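A.B. asks: After the structure tokens below, expect a handful of questions from me.
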Amino acid sequence: MEAIRLIRHCAKYVSDRPQAFKEYTSDDMNVAPEDRVWVRGWFPILFELSCIINRCKLDVRTRQRATGTVWYKLFGERCHPEW
């Protein structure tokens with residue numbers, strides 16, 4: 001449950017500060033600036049949630065699915081169709 005709380009905190013950060021991910025540059029970063037929010041922000045969050053689903057007991061998986069549904073409602077309008 002602590003992992004879900006921390007991931008929720010990360011999702012809030014990505015949602016509130018997408019510019020921080022767009023401006024991030026690295027030598028190995030060959031991603032368009034408008035896609036960096038997805039690659040460096042949302043994708044890792046969704047990946048970790050999928051790991052929770054695969055590793056945890058049923059009660060935690062149920063809570064994660066509920067959390068994911070709430071996130072889609074809160075942050076879904078910020079997603080781009082190509083993501």
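So you can find residues: chains in the structure tokens are A, B, ... in the order shown, residues in each start at 1, and ligands are numbered from 1 in order.
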Which residues come within 12 Å of stretch 1-14 of chain A, counting only C-alpha atoms, excluding same-chain residues fewer than 3 positions away, as a ChimeraX atom specification?
C.D. replies: /A:17-22,36-53,56-57,59-72,74-76,78-79
